[in-house]
>>> print(open('data_18.cif').read())   # mmCIF, C-alpha atoms and all ligand atoms
data_upload
#
loop_
_atom_site.group_PDB
_atom_site.id
_atom_site.type_symbol
_atom_site.label_atom_id
_atom_site.label_comp_id
_atom_site.auth_asym_id
_atom_site.auth_seq_id
_atom_site.Cartn_x
_atom_site.Cartn_y
_atom_site.Cartn_z
ATOM 1 C CA MET A 1376 60.150 117.372 94.839
ATOM 2 C CA SER A 1377 63.341 116.949 92.911
ATOM 3 C CA THR A 1378 63.539 116.214 89.221
ATOM 4 C CA PRO A 1379 64.543 112.610 88.569
ATOM 5 C CA ALA A 1380 68.051 112.292 87.176
ATOM 6 C CA LEU A 1381 68.248 111.675 83.451
ATOM 7 C CA PRO A 1382 69.636 108.283 82.514
ATOM 8 C CA GLU A 1383 73.161 108.212 81.146
ATOM 9 C CA ARG A 1384 73.656 107.670 77.435
ATOM 10 C CA PRO A 1385 73.892 103.929 76.738
ATOM 11 C CA LEU A 1386 77.299 103.151 75.245
ATOM 12 C CA PRO A 1387 78.804 100.053 73.655
ATOM 13 C CA THR A 1388 81.163 97.765 75.514
ATOM 14 C CA PRO A 1389 83.889 96.556 73.132
ATOM 15 C CA THR A 1390 84.500 92.824 73.133
ATOM 16 C CA ARG A 1391 87.511 90.841 71.945
ATOM 17 C CA GLU A 1392 85.783 90.417 68.570
ATOM 18 C CA SER A 1393 84.558 94.007 68.182
ATOM 19 C CA GLN A 1394 87.658 95.819 69.482
ATOM 20 C CA GLY A 1395 88.968 96.451 65.944
ATOM 21 C CA TYR A 1396 85.659 98.013 64.902
ATOM 22 C CA TRP A 1397 85.668 100.438 67.852
ATOM 23 C CA GLU A 1398 89.342 101.301 67.333
ATOM 24 C CA GLY A 1399 88.450 102.196 63.746
ATOM 25 C CA MET A 1400 85.674 104.483 64.978
ATOM 26 C CA GLN A 1401 88.238 106.319 67.124
ATOM 27 C CA GLU A 1402 90.288 106.941 63.947
ATOM 28 C CA HIS A 1403 87.144 107.962 62.004
ATOM 29 C CA GLU A 1404 87.350 104.840 59.882
ATOM 30 C CA LEU A 1405 84.892 102.044 59.237
ATOM 31 C CA ARG A 1406 86.909 98.887 59.862
ATOM 32 C CA LEU A 1407 85.169 95.626 59.078
ATOM 33 C CA GLN A 1408 86.008 92.122 60.130
ATOM 34 C CA HIS A 1409 87.219 89.884 57.303
ATOM 35 C CA CYS A 1410 87.725 86.133 57.497
ATOM 36 C CA THR A 1411 91.403 85.379 56.855
ATOM 37 C CA ALA A 1412 90.510 81.853 55.663
ATOM 38 C CA CYS A 1413 87.845 82.595 52.996
ATOM 39 C CA GLY A 1414 88.201 86.401 52.754
ATOM 40 C CA LYS A 1415 84.525 87.244 53.254
ATOM 41 C CA VAL A 1416 83.460 90.315 55.195
ATOM 42 C CA ARG A 1417 81.072 90.141 58.121
ATOM 43 C CA HIS A 1418 79.281 92.609 60.348
ATOM 44 C CA TYR A 1419 78.406 92.675 63.270
ATOM 45 C CA PRO A 1420 81.754 91.407 64.599
ATOM 46 C CA ARG A 1421 81.689 87.814 65.832
ATOM 47 C CA PRO A 1422 84.158 85.056 66.592
ATOM 48 C CA VAL A 1423 83.223 82.517 63.880
ATOM 49 C CA CYS A 1424 82.936 83.040 60.116
ATOM 50 C CA PRO A 1425 79.335 82.217 59.048
ATOM 51 C CA HIS A 1426 80.628 81.074 55.622
ATOM 52 C CA CYS A 1427 83.505 78.706 56.468
ATOM 53 C CA PHE A 1428 83.447 78.516 60.289
ATOM 54 C CA SER A 1429 87.030 79.731 60.618
ATOM 55 C CA MET A 1430 87.871 81.595 63.816
ATOM 56 C CA GLU A 1431 90.667 83.607 62.157
ATOM 57 C CA SER A 1432 89.878 87.185 61.186
ATOM 58 C CA GLU A 1433 91.372 90.615 60.651
ATOM 59 C CA TYR A 1434 90.052 94.169 60.372
ATOM 60 C CA ARG A 1435 90.300 96.126 57.125
ATOM 61 C CA LYS A 1436 89.353 99.717 56.372
ATOM 62 C CA ALA A 1437 86.122 99.981 54.364
ATOM 63 C CA PRO A 1438 84.626 102.797 52.267
ATOM 64 C CA LEU A 1439 82.128 105.059 54.083
ATOM 65 C CA GLY A 1440 79.468 105.184 51.373
ATOM 66 C CA GLY A 1441 76.250 103.229 51.176
ATOM 67 C CA ALA A 1442 72.606 103.240 50.132
ATOM 68 C CA ILE A 1443 69.561 103.298 52.389
ATOM 69 C CA HIS A 1444 67.986 99.845 52.664
ATOM 70 C CA THR A 1445 65.275 101.039 55.051
ATOM 71 C CA TRP A 1446 64.754 103.332 58.009
ATOM 72 C CA THR A 1447 62.594 103.914 61.040
ATOM 73 C CA VAL A 1448 61.508 107.132 62.709
ATOM 74 C CA CYS A 1449 61.798 106.768 66.476
ATOM 75 C CA HIS A 1450 59.063 108.690 68.272
ATOM 76 C CA HIS A 1451 59.361 106.642 71.462
ATOM 77 C CA PRO A 1452 63.070 106.106 72.189
ATOM 78 C CA PHE A 1453 64.126 102.712 73.538
ATOM 79 C CA ASN A 1454 66.072 104.593 76.226
ATOM 80 C CA PHE A 1455 64.828 107.702 78.020
ATOM 81 C CA PHE A 1456 68.203 109.391 77.405
ATOM 82 C CA PHE A 1457 67.159 109.939 73.761
ATOM 83 C CA LYS A 1458 63.737 111.428 74.567
ATOM 84 C CA ALA A 1459 64.923 114.984 73.922
ATOM 85 C CA SER A 1460 66.157 113.958 70.440
ATOM 86 C CA ALA A 1461 62.870 112.363 69.349
ATOM 87 C CA PRO A 1462 61.674 112.033 66.735
ATOM 88 C CA TYR A 1463 64.907 110.871 65.132
ATOM 89 C CA ILE A 1464 65.724 108.620 62.189
ATOM 90 C CA VAL A 1465 67.693 105.378 62.338
ATOM 91 C CA ALA A 1466 68.748 104.031 58.947
ATOM 92 C CA LEU A 1467 69.726 100.528 57.883
ATOM 93 C CA VAL A 1468 72.315 101.066 55.157
ATOM 94 C CA ASP A 1469 73.712 98.702 52.525
ATOM 95 C CA MET A 1470 77.358 99.718 52.730
ATOM 96 C CA ASP A 1471 79.472 99.632 49.568
ATOM 97 C CA ALA A 1472 81.659 97.126 51.435
ATOM 98 C CA GLY A 1473 78.831 94.572 51.284
ATOM 99 C CA VAL A 1474 77.406 94.624 54.795
ATOM 100 C CA ARG A 1475 74.454 96.359 56.440
ATOM 101 C CA VAL A 1476 75.000 98.906 59.192
ATOM 102 C CA ASN A 1477 72.382 100.713 61.244
ATOM 103 C CA ALA A 1478 73.034 104.136 62.716
ATOM 104 C CA PRO A 1479 71.258 107.460 63.166
ATOM 105 C CA LEU A 1480 70.623 109.453 59.986
ATOM 106 C CA ARG A 1481 70.994 113.186 60.546
ATOM 107 C CA GLY A 1482 70.262 116.328 58.579
ATOM 108 C CA VAL A 1483 67.492 114.713 56.533
ATOM 109 C CA THR A 1484 63.736 114.955 57.026
ATOM 110 C CA GLU A 1485 61.511 111.915 56.756
ATOM 111 C CA ALA A 1486 59.670 113.369 53.752
ATOM 112 C CA ASP A 1487 62.931 113.494 51.772
ATOM 113 C CA LEU A 1488 63.933 109.878 52.401
ATOM 114 C CA ARG A 1489 63.825 107.186 49.748
ATOM 115 C CA ILE A 1490 65.075 103.627 49.450
ATOM 116 C CA GLY A 1491 68.437 103.528 47.687
ATOM 117 C CA GLN A 1492 69.359 107.090 48.629
ATOM 118 C CA ARG A 1493 73.123 107.512 48.923
ATOM 119 C CA VAL A 1494 74.513 108.293 52.375
ATOM 120 C CA THR A 1495 77.941 108.649 53.950
ATOM 121 C CA MET A 1496 79.072 107.533 57.373
ATOM 122 C CA GLN A 1497 80.402 110.178 59.729
ATOM 123 C CA PHE A 1498 81.666 109.992 63.295
ATOM 124 C CA GLU A 1499 80.623 111.482 66.608
ATOM 125 C CA MET A 1500 83.130 111.474 69.451
ATOM 126 C CA VAL A 1501 80.923 110.803 72.469
ATOM 127 C CA ASN A 1502 83.771 110.748 74.996
ATOM 128 C CA LYS A 1503 87.470 109.920 75.116
ATOM 129 C CA GLU A 1504 86.838 106.178 74.799
ATOM 130 C CA THR A 1505 83.846 106.071 72.461
ATOM 131 C CA THR A 1506 83.156 107.313 68.947
ATOM 132 C CA LEU A 1507 79.888 106.311 67.268
ATOM 133 C CA PRO A 1508 78.853 106.306 63.604
ATOM 134 C CA TYR A 1509 75.965 108.210 62.040
ATOM 135 C CA PHE A 1510 74.884 108.858 58.472
ATOM 136 C CA VAL A 1511 74.277 111.981 56.423
ATOM 137 C CA ALA A 1512 73.013 112.363 52.856
ATOM 138 C CA ALA A 1513 75.863 111.937 50.368
HETATM 139 ZN ZN ZN B 1601 85.445 82.371 56.250
#
>>> encode(input="data_18.cif", output="structure tokens")
Amino acid sequence: MSTPALPERPLPTPTRESQGYWEGMQEHELRLQHCTACGKVRHYPRPVCPHCFSMESEYRKAPLGGAIHTWTVCHHPFNFFFKASAPYIVALVDMDAGVRVNAPLRGVTEADLRIGQRVTMQFEMVNKETTLPYFVAA
């Protein structure tokens, strides 16, 4: 009997709207979509501004700091690829730029976590085309 092949790591597929975000990741920057009509920031990237319904937007570099809004400890990964990493923490972070971002939180144990704890975004180059964010304690 052969061992079943491990699934490949699931990776994002950039869209027309999210391309600027992923390009920022490649440069180790958090770039967020801003409405060029009303100026408000939005995340996740999408074609229409939820505030003024404009379809015009641009990407601007944002600070990497934020505070933990909440987190979850994943004991049963949504994808079998991550089974070897479990348990791992995924944090939902209130970024200083005014949006919420979720990403893995590394280097911290569950017992040390608290709401409002300061974290910083860092970047993991997964392959030549894809860099993903994660958080560490600030
Ligand atoms: Zn707008």
>>> closest_residue(input="data_18.cif", among="A:Ala1442, A:Thr1447, A:Arg1435, A:Asn1454", to="Pro1385 in chain A", atoms="all atoms listed in the file")
A:Asn1454
>>> resolve_selection(input="data_18.cif", expression="the PyMOL selection byres (((chain A and resi 1410) around 8) and not hetatm)", output="PyMOL selection string")
chain A and resi 1408-1409+1411-1417+1424+1429-1433
>>> residues_around(input="data_18.cif", residues="range 1456-1460 of chain A", least_positions_apart="6", cutoff="7 Å", atoms="only C-alpha atoms", output="JSON, numbers by chain")
{"A": [1381, 1382, 1383, 1384]}
>>> atom_distance(input="data_18.cif", atom1="CA of Val1465 in chain A", atom2="CA of Ala1486 in chain A")
14.2 Å
>>> residues_around(input="data_18.cif", residues="His1403 in chain A", least_positions_apart="2", cutoff="9 Å", atoms="only C-alpha atoms", output="NGL selection string")
:A and (1398-1401 or 1405 or 1497-1499 or 1506 or 1508)
>>> write_last_selection(input="data_18.cif", atoms="C-alpha atoms", output="JSON list (two decimals), keeping the file's coordinate frame")
[["chain", "number", "residue", "atom", "x", "y", "z"],
["A", 1398, "GLU", "CA", 89.34, 101.30, 67.33],
["A", 1399, "GLY", "CA", 88.45, 102.20, 63.75],
["A", 1400, "MET", "CA", 85.67, 104.48, 64.98],
["A", 1401, "GLN", "CA", 88.24, 106.32, 67.12],
["A", 1405, "LEU", "CA", 84.89, 102.04, 59.24],
["A", 1497, "GLN", "CA", 80.40, 110.18, 59.73],
["A", 1498, "PHE", "CA", 81.67, 109.99, 63.30],
["A", 1499, "GLU", "CA", 80.62, 111.48, 66.61],
["A", 1506, "THR", "CA", 83.16, 107.31, 68.95],
["A", 1508, "PRO", "CA", 78.85, 106.31, 63.60]]
>>> atom_distance(input="data_18.cif", atom1="CA of Trp1397 in chain A", atom2="CA of Tyr1419 in chain A")
11.6 Å
>>> closest_residue(input="data_18.cif", among="A:Pro1425, A:Pro1479, A:Gly1440, A:Pro1452", to="ligand ZN 1601 (chain B)", atoms="all atoms listed in the file")
A:Pro1425
>>> atom_distance(input="data_18.cif", atom1="CA of Arg1493 in chain A", atom2="CA of Val1511 in chain A")
8.8 Å
>>> closest_residue(input="data_18.cif", among="A:Pro1438, A:Pro1387, A:Glu1404, A:Phe1428", to="ligand ZN 1601 (chain B)", atoms="all atoms listed in the file")
A:Phe1428
>>> residues_around(input="data_18.cif", residues="Val1468 in chain A", least_positions_apart="6", cutoff="10 Å", atoms="only C-alpha atoms", output="ChimeraX atom specification")
/A:1440-1446,1474-1478,1480,1490-1496,1510
>>> axis_aligned_box(input="data_18.cif", around="range 1397-1414 of chain A", padding_each_side="5 Å", output="AutoDock Vina command-line options")
--center_x 88.1 --center_y 94.9 --center_z 60.3 --size_x 16.5 --size_y 36.1 --size_z 25.1
>>> closest_residue(input="data_18.cif", among="A:Lys1436, A:Lys1503, A:His1426, A:Arg1481", to="ligand ZN 1601 (chain B)", atoms="all atoms listed in the file")
A:His1426
>>> closest_residue(input="data_18.cif", among="A:Arg1406, A:Pro1422, A:Leu1488, A:Glu1392", to="ligand ZN 1601 (chain B)", atoms="all atoms listed in the file")
A:Pro1422
>>> closest_residue(input="data_18.cif", among="A:Ala1513, A:Met1470, A:Ala1437, A:Val1423", to="ligand ZN 1601 (chain B)", atoms="all atoms listed in the file")
A:Val1423
>>> decode(input="data_18.cif", residues="range 1377-1508 of chain A", atoms="C-alpha atoms", output="short mmCIF file (atom, residue, chain, number, x, y, z; two decimals), in the first residue's frame")
data_model
loop_
_atom_site.label_atom_id
_atom_site.label_comp_id
_atom_site.auth_asym_id
_atom_site.auth_seq_id
_atom_site.Cartn_x
_atom_site.Cartn_y
_atom_site.Cartn_z
CA SER A 1377 1.30 3.41 -0.87
CA THR A 1378 0.89 6.48 1.29
CA PRO A 1379 -1.70 8.85 -0.15
CA ALA A 1380 -0.17 12.02 -1.55
CA LEU A 1381 -0.48 15.07 0.67
CA PRO A 1382 -2.68 17.80 -0.74
CA GLU A 1383 -0.93 20.87 -2.08
CA ARG A 1384 -1.03 24.05 -0.04
CA PRO A 1385 -4.12 26.06 -1.00
CA LEU A 1386 -3.04 29.41 -2.42
CA PRO A 1387 -4.91 32.58 -3.36
CA THR A 1388 -5.77 33.44 -6.93
CA PRO A 1389 -5.37 37.20 -7.46
CA THR A 1390 -8.29 38.92 -9.14
CA ARG A 1391 -8.46 42.26 -10.93
CA GLU A 1392 -9.57 43.86 -7.65
CA SER A 1393 -7.06 42.11 -5.37
CA GLN A 1394 -3.99 42.31 -7.63
CA GLY A 1395 -2.67 45.41 -5.82
CA TYR A 1396 -2.93 43.67 -2.45
CA TRP A 1397 -0.94 40.65 -3.64
CA GLU A 1398 1.67 42.84 -5.35
CA GLY A 1399 2.12 44.60 -2.01
CA MET A 1400 2.67 41.26 -0.29
CA GLN A 1401 5.46 40.52 -2.77
CA GLU A 1402 7.14 43.79 -1.69
CA HIS A 1403 6.52 43.00 2.01
CA GLU A 1404 3.99 45.80 2.26
CA LEU A 1405 0.37 45.86 3.32
CA ARG A 1406 -1.38 47.74 0.51
CA LEU A 1407 -5.04 48.49 1.05
CA GLN A 1408 -7.69 49.50 -1.42
CA HIS A 1409 -8.92 53.07 -1.02
CA CYS A 1410 -11.92 54.60 -2.77
CA THR A 1411 -10.71 57.48 -4.94
CA ALA A 1412 -14.16 59.12 -4.76
CA CYS A 1413 -14.76 59.23 -0.97
CA GLY A 1414 -11.28 58.22 0.28
CA LYS A 1415 -12.41 55.41 2.58
CA VAL A 1416 -10.36 52.26 2.98
CA ARG A 1417 -11.80 48.81 2.45
CA HIS A 1418 -10.64 45.24 2.91
CA TYR A 1419 -11.13 42.59 1.49
CA PRO A 1420 -10.59 44.04 -2.00
CA ARG A 1421 -13.78 44.42 -4.04
CA PRO A 1422 -14.95 46.31 -7.09
CA VAL A 1423 -17.52 48.67 -5.50
CA CYS A 1424 -17.08 51.04 -2.55
CA PRO A 1425 -19.56 50.02 0.20
CA HIS A 1426 -19.78 53.68 1.33
CA CYS A 1427 -20.42 55.61 -1.90
CA PHE A 1428 -20.75 52.87 -4.55
CA SER A 1429 -17.91 54.27 -6.66
CA MET A 1430 -15.99 51.75 -8.75
CA GLU A 1431 -12.79 53.85 -8.72
CA SER A 1432 -10.06 52.79 -6.32
CA GLU A 1433 -6.33 52.79 -5.73
CA TYR A 1434 -3.90 50.92 -3.47
CA ARG A 1435 -1.97 52.71 -0.73
CA LYS A 1436 0.69 51.39 1.63
CA ALA A 1437 -0.63 50.87 5.17
CA PRO A 1438 1.13 50.50 8.53
CA LEU A 1439 1.77 46.90 9.66
CA GLY A 1440 0.64 47.27 13.27
CA GLY A 1441 -2.65 46.26 14.80
CA ALA A 1442 -4.43 44.89 17.85
CA ILE A 1443 -5.98 41.46 18.28
CA HIS A 1444 -9.77 41.61 17.91
CA THR A 1445 -10.18 37.86 18.42
CA TRP A 1446 -8.56 34.57 17.51
CA THR A 1447 -9.24 30.90 17.02
CA VAL A 1448 -7.06 27.87 17.67
CA CYS A 1449 -7.36 25.44 14.77
CA HIS A 1450 -7.13 21.84 15.95
CA HIS A 1451 -8.86 20.45 12.87
CA PRO A 1452 -7.49 22.27 9.81
CA PHE A 1453 -9.95 23.15 7.04
CA ASN A 1454 -7.44 21.64 4.59
CA PHE A 1455 -5.44 18.48 5.23
CA PHE A 1456 -2.27 20.27 4.07
CA PHE A 1457 -2.19 22.11 7.43
CA LYS A 1458 -2.64 18.99 9.58
CA ALA A 1459 1.05 18.84 10.48
CA SER A 1460 0.90 22.47 11.73
CA ALA A 1461 -2.08 21.93 14.04
CA PRO A 1462 -2.88 23.25 16.48
CA TYR A 1463 -2.21 26.72 15.11
CA ILE A 1464 -3.64 30.16 15.84
CA VAL A 1465 -5.47 32.38 13.36
CA ALA A 1466 -5.99 35.95 14.55
CA LEU A 1467 -8.49 38.58 13.45
CA VAL A 1468 -6.63 41.87 13.84
CA ASP A 1469 -7.89 45.46 13.95
CA MET A 1470 -5.19 47.06 11.82
CA ASP A 1471 -4.10 50.62 12.60
CA ALA A 1472 -5.23 51.45 9.06
CA GLY A 1473 -8.85 50.85 10.10
CA VAL A 1474 -9.64 47.45 8.62
CA ARG A 1475 -9.68 43.90 9.98
CA VAL A 1476 -7.30 41.29 8.61
CA ASN A 1477 -7.12 37.61 9.50
CA ALA A 1478 -3.88 35.67 9.25
CA PRO A 1479 -1.91 33.10 11.22
CA LEU A 1480 -0.39 34.31 14.49
CA ARG A 1481 3.00 32.75 15.15
CA GLY A 1482 5.42 32.60 18.05
CA VAL A 1483 2.71 33.07 20.68
CA THR A 1484 1.02 30.44 22.83
CA GLU A 1485 -2.71 30.45 23.40
CA ALA A 1486 -2.27 31.03 27.14
CA ASP A 1487 -0.46 34.32 26.45
CA LEU A 1488 -3.11 35.77 24.14
CA ARG A 1489 -5.40 38.62 25.10
CA ILE A 1490 -7.84 40.86 23.28
CA GLY A 1491 -6.18 44.14 22.30
CA GLN A 1492 -2.67 42.68 22.29
CA ARG A 1493 -0.43 44.51 19.82
CA VAL A 1494 0.82 42.52 16.83
CA THR A 1495 2.79 43.24 13.67
CA MET A 1496 2.27 41.82 10.21
CA GLN A 1497 5.14 39.92 8.65
CA PHE A 1498 5.48 38.13 5.33
CA GLU A 1499 6.14 34.57 4.23
CA MET A 1500 7.29 33.97 0.67
CA VAL A 1501 5.50 30.74 -0.21
CA ASN A 1502 6.78 30.58 -3.79
CA LYS A 1503 7.92 32.95 -6.53
CA GLU A 1504 4.37 34.18 -7.19
CA THR A 1505 2.86 34.18 -3.71
CA THR A 1506 3.72 35.87 -0.43
CA LEU A 1507 1.27 35.56 2.48
CA PRO A 1508 0.88 37.62 5.65
#
